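These notes concern the structure reproduced below.
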Amino acid sequence: MPIIPFEFLISRRPVSLQAKPKGLNEWKNFVRSEAEKFWKGDSPIKGSYLQLTLVYICSDDSPPDTDNIIKPIQDALIGLVYEDDNLVLDVDSHRRFMSDPIDITNLPLLLREGAIIGEECVYVKVSESQPLEQYL
């Protein structure tokens, strides 16, 4: 049985959806390999609606747009974490600069580790989707 919430850290600068196909495919393969290191489920999630949360900690050197990093990461998890990305009803995506202070006190452990290492990374969490009124 899949265990959610599921989280992992990608210790690399993300690739934009607008990248050349070769670079985009290499990125998706890398994301999937990183997710496989943490995934404890014996099969992908089926029949549950999900929320994808991303936190990109970036350098000030022209980082990719937040909206352009979502789809490649989401696609990389198909067949491993969830059966199909149409199960992802909600996406919560954030970008923060390493040069700005980040209070790590209440961050999830993996995100805290990402903030401390001082290199670009993306924290990814897949959890159950909540009722709409929870988000408003």
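Each chain in the structure tokens gets a letter, A, B and so on, in the order shown; residues start at 1 in every chain, and ligands are counted from 1 in the order they appear.
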
Practice problem: Apply DSSP to the backbone of this structure and, from range 11-84 of chain A, keep only the residues in strand (DSSP E); write these as a ChimeraX atom specification. | Solution: /A:50-58

How would the residues just chosen look if you wrote them out with N, CA and C atoms as a compact mmCIF listing (two decimals), in the first residue's frame?
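To be explicit, this is the file written out as part_15.txt:
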# COMPACT_ATOMS: atom_id res chain seq x y z
N LEU A 50 -4.88 13.86 -5.27
CA LEU A 50 -3.62 14.25 -4.65
C LEU A 50 -3.31 15.73 -4.78
N GLN A 51 -2.42 16.17 -3.92
CA GLN A 51 -1.85 17.51 -3.98
C GLN A 51 -0.35 17.35 -4.16
N LEU A 52 0.22 18.12 -5.07
CA LEU A 52 1.65 18.17 -5.30
C LEU A 52 2.17 19.49 -4.74
N THR A 53 3.13 19.43 -3.84
CA THR A 53 3.73 20.62 -3.26
C THR A 53 5.20 20.66 -3.65
N LEU A 54 5.64 21.79 -4.20
CA LEU A 54 7.03 21.98 -4.58
C LEU A 54 7.57 23.23 -3.91
N VAL A 55 8.79 23.14 -3.42
CA VAL A 55 9.51 24.32 -2.93
C VAL A 55 10.88 24.30 -3.60
N TYR A 56 11.11 25.29 -4.42
CA TYR A 56 12.37 25.42 -5.15
C TYR A 56 13.22 26.46 -4.46
N ILE A 57 14.36 26.04 -3.91
CA ILE A 57 15.33 26.96 -3.31
C ILE A 57 16.38 27.21 -4.37
N CYS A 58 16.45 28.46 -4.82
CA CYS A 58 17.25 28.77 -6.00
C CYS A 58 18.31 29.83 -5.74

Exercise. Please report, as an NGL selection string, each residue of chain A to which DSSP assigns helix (DSSP H, G or I) when run on this structure's backbone.
Key: :A and (21-38 or 66-76 or 85-87 or 109-117 or 132-135)

Quiz item: So which one's closest to Val91 in chain A, A:Asp103, A:Thr66, A:Gly79, A:Ser48? Using only C-alpha atoms, please.
Solution: A:Thr66

Self-check item: Shortest interatomic distance to Ala76 in chain A - which of A:Tyr123, A:Phe30, A:Phe38, A:Tyr49, counting only C-alpha atoms
Solution: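 For Ala76 in chain A, the nearest of the candidates is A:Phe30.
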
Exercise. For CA of Val124 in chain A and CA of Lys37 in chain A, determine how far apart the two atoms are, in Å to one decimal place.
Key: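 The value is 13.1 Å.
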
Self-check item: Among listed residues A:Leu17, A:Tyr82, A:Phe97, A:Asp61, nearest Ser127 in chain A (using only C-alpha atoms)
Solution: A:Tyr82

Exercise. Figure out the distance between CA of Gln74 in chain A and CA of Pro5 in chain A, please, to one decimal in Å.
Key: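 We find that CA of Pro5 in chain A and CA of Gln74 in chain A lie 15.1 Å from each other.
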
Quiz item: When you draw a straight line from CA of Gly41 in chain A to CA of Ile4 in chain A, how long is it in Å?
Solution: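 CA of Ile4 in chain A lies at a distance of 8.9 Å from CA of Gly41 in chain A.
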
Quiz item: A:Ala115, A:Leu9, A:Ile45, A:Val31: which is nearest Leu87 in chain A, counting only C-alpha atoms?
Solution: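 With only C-alpha atoms as the atom set, the closest residue is A:Ile45.
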
Practice problem: Counting only C-alpha atoms, figure out which residue out of A:Glu7, A:Asp42, A:Asp90, A:Asp67 gets nearest to Glu128 in chain A. | Solution: A:Asp90
